[in-house]
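Undergrad: Starting off with a structure, shown below.
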Amino acid sequence: MSGQRSAFAPVAVVTGGARGIGLAIAERFLAEGHRVALLDIDRRTLRATEKRLNNPRRVIAIACDVAEPKQVNPAIRRVAHSFGRIDALVNNAGIAVFKPILATSLAEWQRVLAVNLGGAFICTRACAPVMLQTGGGAVVNIASISGLRASTLRVAYGTSKAALIHLTKQCAAELGPVGIRVNCVAPGPVDTAMAQLVHTAAIRRDYYDAIPLDRYGTPEEIAATVFFLCSREASYVNGHTLAADGGFDAAGIGLPTLRKQSQPAARRKGRKRNGANR
């Protein structure tokens, strides 16, 4: 894309954009011709990502804690000054504390809610006025399947994501009339580098048994879902939560024994042969 064309290209702001799902989302927007602003608290990874993308005309990387308005507001002003507009905001930045409720401190609880819920509120408030200058835009909040169904060790994380789903509805109701659509994606297990580090083989087997598609999702699949919700193809979608989870939420509790009995014999043999690769 030439510099002249780039100057008129739509702009997406992606928080938590230095790695994982956030980076996959940013790369999808870039592939679709957008300019992208990456906001992330991890300065070292952010700079490495900016260097790897190597596209200063179309990429801005800004170190920012989304839970801090004094950092978010100047970051968004910089984006608006550099790119002249904002068309999409993806509130992807998040943190997790996986502990039992009685082992979760008040400080941990407050930090998780400040980032996962407060960060989306702060960034939406900062970006919406810029969107309105060019007629509106789209916001996508990245929640989690943990916001739709309870699980162990997720008292802070799951609660923050459930609240984010309702924040999505509130924003959709209030911003929709002025031209800003607000939707939510609730990913199930996704095969990120972090998941590969913390999900043991036993945990992965449990998830496979509970997910009808029998696998983890990929960051690129979540990015495709996000881009759809920001695109004109989703122009009448507002206030919706899309569970990109392989059927995890729809299936409820997995019953591995019954599932195996219901599958054709040929598939059961195939799964047995391929089990060592999981």
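Chain labels follow the order of the structure tokens: the first chain is A, the next B, and so on; residue numbering restarts at 1 in every chain, and ligands are counted from 1 in their shown order.
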Compile the contact shell of range 96-99 of chain A as an NGL selection string: residues with an atom at most 9 Å away, counting only C-alpha atoms, same-chain residues fewer than 2 positions apart removed.
TA: :A and (94 or 101-104 or 108-109 or 112 or 116 or 152-158)
Undergrad: Considering only alpha helix (DSSP H) as DSSP defines it on the backbone, what residues of range 19-148 of chain A qualify? List them as a ChimeraX atom specification.
TA: /A:20-31,43-53,69-83,106-113,119-132
Undergrad: Keeping only C-alpha atoms, write the selected residues as a short mmCIF file (atom, residue, chain, number, x, y, z; two decimals), in the first residue's frame.
TA:
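Once everything was written out, this is selection12.cif:
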```cif
data_model
loop_
_atom_site.label_atom_id
_atom_site.label_comp_id
_atom_site.auth_asym_id
_atom_site.auth_seq_id
_atom_site.Cartn_x
_atom_site.Cartn_y
_atom_site.Cartn_z
CA GLY A 20 -0.84 -14.10 21.24
CA ILE A 21 -4.43 -13.44 20.27
CA GLY A 22 -3.92 -9.67 20.24
CA LEU A 23 -1.08 -9.92 17.76
CA ALA A 24 -3.08 -12.31 15.55
CA ILE A 25 -5.92 -9.77 15.55
CA ALA A 26 -3.54 -6.96 14.62
CA GLU A 27 -2.03 -9.00 11.81
CA ARG A 28 -5.50 -9.77 10.44
CA PHE A 29 -6.38 -6.07 10.36
CA LEU A 30 -3.09 -5.31 8.62
CA ALA A 31 -3.75 -8.03 6.05
CA ARG A 43 7.40 -2.81 26.62
CA ARG A 44 10.06 -5.31 25.58
CA THR A 45 7.69 -7.62 23.71
CA LEU A 46 5.89 -4.64 22.20
CA ARG A 47 9.10 -3.21 20.75
CA ALA A 48 10.10 -6.61 19.39
CA THR A 49 6.70 -6.96 17.72
CA GLU A 50 6.91 -3.46 16.26
CA LYS A 51 10.35 -4.24 14.88
CA ARG A 52 9.18 -7.53 13.38
CA LEU A 53 6.16 -5.94 11.69
CA PRO A 69 -6.63 6.62 32.29
CA LYS A 70 -3.55 8.83 32.56
CA GLN A 71 -1.77 6.42 30.21
CA VAL A 72 -4.71 5.50 27.97
CA ASN A 73 -5.90 9.02 27.15
CA PRO A 74 -2.57 10.33 25.83
CA ALA A 75 -2.04 7.05 23.95
CA ILE A 76 -5.34 7.46 22.11
CA ARG A 77 -4.61 11.13 21.45
CA ARG A 78 -1.35 10.02 19.84
CA VAL A 79 -3.18 7.51 17.66
CA ALA A 80 -5.70 10.13 16.57
CA HIS A 81 -2.96 12.65 15.82
CA SER A 82 -0.83 10.16 13.87
CA PHE A 83 -3.57 8.35 11.94
CA LEU A 106 -8.34 -8.47 47.54
CA ALA A 107 -5.44 -6.85 45.67
CA GLU A 108 -5.46 -9.66 43.08
CA TRP A 109 -9.24 -9.41 42.70
CA GLN A 110 -9.06 -5.65 42.21
CA ARG A 111 -6.23 -5.80 39.69
CA VAL A 112 -7.96 -8.41 37.52
CA LEU A 113 -11.17 -6.38 37.43
CA GLY A 119 -9.53 -1.31 30.88
CA ALA A 120 -12.31 -1.93 28.36
CA PHE A 121 -14.40 0.86 29.89
CA ILE A 122 -11.50 3.32 29.88
CA CYS A 123 -10.39 2.51 26.32
CA THR A 124 -13.93 2.65 24.95
CA ARG A 125 -14.49 6.06 26.54
CA ALA A 126 -11.22 7.29 25.04
CA CYS A 127 -11.79 5.92 21.52
CA ALA A 128 -15.50 6.56 21.02
CA PRO A 129 -15.23 10.35 20.60
CA VAL A 130 -12.56 9.85 17.92
CA MET A 131 -14.76 7.30 16.13
CA LEU A 132 -17.67 9.74 16.12
#
```
Undergrad: Among range 53-128 of chain A, which residues carry a DSSP assignment of strand (DSSP E or B), reported as number ranges by chain?
TA: A: 59-63, 88-91, 99
Undergrad: Quick one: contact table of range 81-197 of chain A to range 209-216 of chain A, 9 Å max, nearest atom pair and distance in Å to one decimal per residue, counting only C-alpha atoms, chain and number order, as JSON lines?
TA:
```
{"residue": "A:Gly188", "atom": "CA", "partner": "A:Tyr216", "partner_atom": "CA", "distance": 7.7}
{"residue": "A:Pro189", "atom": "CA", "partner": "A:Tyr216", "partner_atom": "CA", "distance": 5.4}
{"residue": "A:Val190", "atom": "CA", "partner": "A:Tyr216", "partner_atom": "CA", "distance": 5.2}
{"residue": "A:Asp191", "atom": "CA", "partner": "A:Tyr216", "partner_atom": "CA", "distance": 5.7}
```
Undergrad: Range 71-175 of chain A near range 233-255 of chain A within 8 Å: what's each residue's closest atom pair and its distance in Å to one decimal, counting only C-alpha atoms, ordered by chain then ascending residue number, as a Markdown table?
TA:
```
| residue | atom | partner | partner_atom | distance |
| --- | --- | --- | --- | --- |
| A:Ser144 | CA | A:Ala243 | CA | 7.9 |
| A:Ile145 | CA | A:Ala243 | CA | 6.8 |
| A:Leu148 | CA | A:Asp249 | CA | 7.5 |
| A:Arg149 | CA | A:Asp249 | CA | 7.3 |
| A:Ile165 | CA | A:Thr241 | CA | 6.9 |
| A:Thr168 | CA | A:Gly239 | CA | 6.0 |
| A:Lys169 | CA | A:Gly239 | CA | 4.7 |
| A:Gln170 | CA | A:Gly239 | CA | 7.9 |
| A:Cys171 | CA | A:Gly239 | CA | 7.7 |
| A:Ala172 | CA | A:Gly239 | CA | 4.9 |
| A:Ala173 | CA | A:Gly239 | CA | 7.2 |
```
Undergrad: Restricting the output to N, CA and C atoms, write the selected residues as a PDB file, in the first residue's frame.
TA:
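Contents of again.pdb, as written:
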```
ATOM      1  N   SER A 144     -14.369 -14.311  27.553  1.00  0.00           N
ATOM      2  CA  SER A 144     -13.877 -15.682  27.680  1.00  0.00           C
ATOM      3  C   SER A 144     -15.066 -16.589  27.898  1.00  0.00           C
ATOM      4  N   ILE A 145     -14.896 -17.848  27.571  1.00  0.00           N
ATOM      5  CA  ILE A 145     -15.923 -18.812  27.906  1.00  0.00           C
ATOM      6  C   ILE A 145     -16.129 -18.856  29.419  1.00  0.00           C
ATOM      7  N   LEU A 148     -19.101 -17.088  30.611  1.00  0.00           N
ATOM      8  CA  LEU A 148     -20.403 -17.683  30.327  1.00  0.00           C
ATOM      9  C   LEU A 148     -20.705 -18.883  31.214  1.00  0.00           C
ATOM     10  N   ARG A 149     -19.659 -19.546  31.680  1.00  0.00           N
ATOM     11  CA  ARG A 149     -19.856 -20.704  32.545  1.00  0.00           C
ATOM     12  C   ARG A 149     -18.784 -20.699  33.626  1.00  0.00           C
ATOM     13  N   ILE A 165     -19.016  -8.966  29.501  1.00  0.00           N
ATOM     14  CA  ILE A 165     -20.109  -9.299  28.597  1.00  0.00           C
ATOM     15  C   ILE A 165     -21.289  -8.348  28.820  1.00  0.00           C
ATOM     16  N   THR A 168     -20.528  -4.920  27.507  1.00  0.00           N
ATOM     17  CA  THR A 168     -20.735  -4.915  26.053  1.00  0.00           C
ATOM     18  C   THR A 168     -22.175  -4.537  25.717  1.00  0.00           C
ATOM     19  N   LYS A 169     -23.136  -5.133  26.410  1.00  0.00           N
ATOM     20  CA  LYS A 169     -24.543  -4.829  26.165  1.00  0.00           C
ATOM     21  C   LYS A 169     -24.874  -3.384  26.516  1.00  0.00           C
ATOM     22  N   GLN A 170     -24.342  -2.916  27.624  1.00  0.00           N
ATOM     23  CA  GLN A 170     -24.581  -1.526  28.014  1.00  0.00           C
ATOM     24  C   GLN A 170     -24.067  -0.558  26.955  1.00  0.00           C
ATOM     25  N   CYS A 171     -22.841  -0.808  26.507  1.00  0.00           N
ATOM     26  CA  CYS A 171     -22.245   0.083  25.512  1.00  0.00           C
ATOM     27  C   CYS A 171     -22.985  -0.010  24.181  1.00  0.00           C
ATOM     28  N   ALA A 172     -23.430  -1.212  23.823  1.00  0.00           N
ATOM     29  CA  ALA A 172     -24.170  -1.381  22.572  1.00  0.00           C
ATOM     30  C   ALA A 172     -25.468  -0.595  22.603  1.00  0.00           C
ATOM     31  N   ALA A 173     -26.147  -0.624  23.749  1.00  0.00           N
ATOM     32  CA  ALA A 173     -27.412   0.086  23.881  1.00  0.00           C
ATOM     33  C   ALA A 173     -27.225   1.597  23.810  1.00  0.00           C
TER      34      ALA A 173
END
```
Undergrad: Identify which of the residues A:Arg205, A:Phe8, A:Ala193, A:Val178 lies closest to Pro219 in chain A, counting only C-alpha atoms when measuring atom-to-atom distances.
TA: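 Using only C-alpha atoms, Pro219 in chain A sits closest to A:Ala193.
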Undergrad: Between A:Glu68, A:Leu117, A:Ile142, A:Gly176, which has the minimum distance to Ala163 in chain A (counting only C-alpha atoms)?
TA: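 Under the stated criterion, the closest residue is A:Leu117.
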Undergrad: A:Asp42, A:Cys184, A:Val115, A:Ile62: which is nearest Phe227 in chain A, counting only C-alpha atoms?
TA: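 Checking each of A:Asp42, A:Cys184, A:Val115, A:Ile62 against Phe227 in chain A, counting only C-alpha atoms, the winner is A:Cys184.
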Undergrad: What is the distance between CA of Gly135 in chain A and CA of Asp87 in chain A, in Å to one decimal?
TA: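 Those two atoms sit 9.0 Å apart.
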Undergrad: Separation of CA of Val36 in chain A and CA of Val13 in chain A, in Å?
TA: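 Straight-line distance from CA of Val36 in chain A to CA of Val13 in chain A works out to 5.8 Å.
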Undergrad: Given the choices A:Val140, A:Cys64, A:Leu175, A:Ala202, which gets closest to Asn92 in chain A if the distance is worked out from only C-alpha atoms?
TA: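 Ranking A:Val140, A:Cys64, A:Leu175, A:Ala202 by distance to Asn92 in chain A, first place goes to A:Val140.
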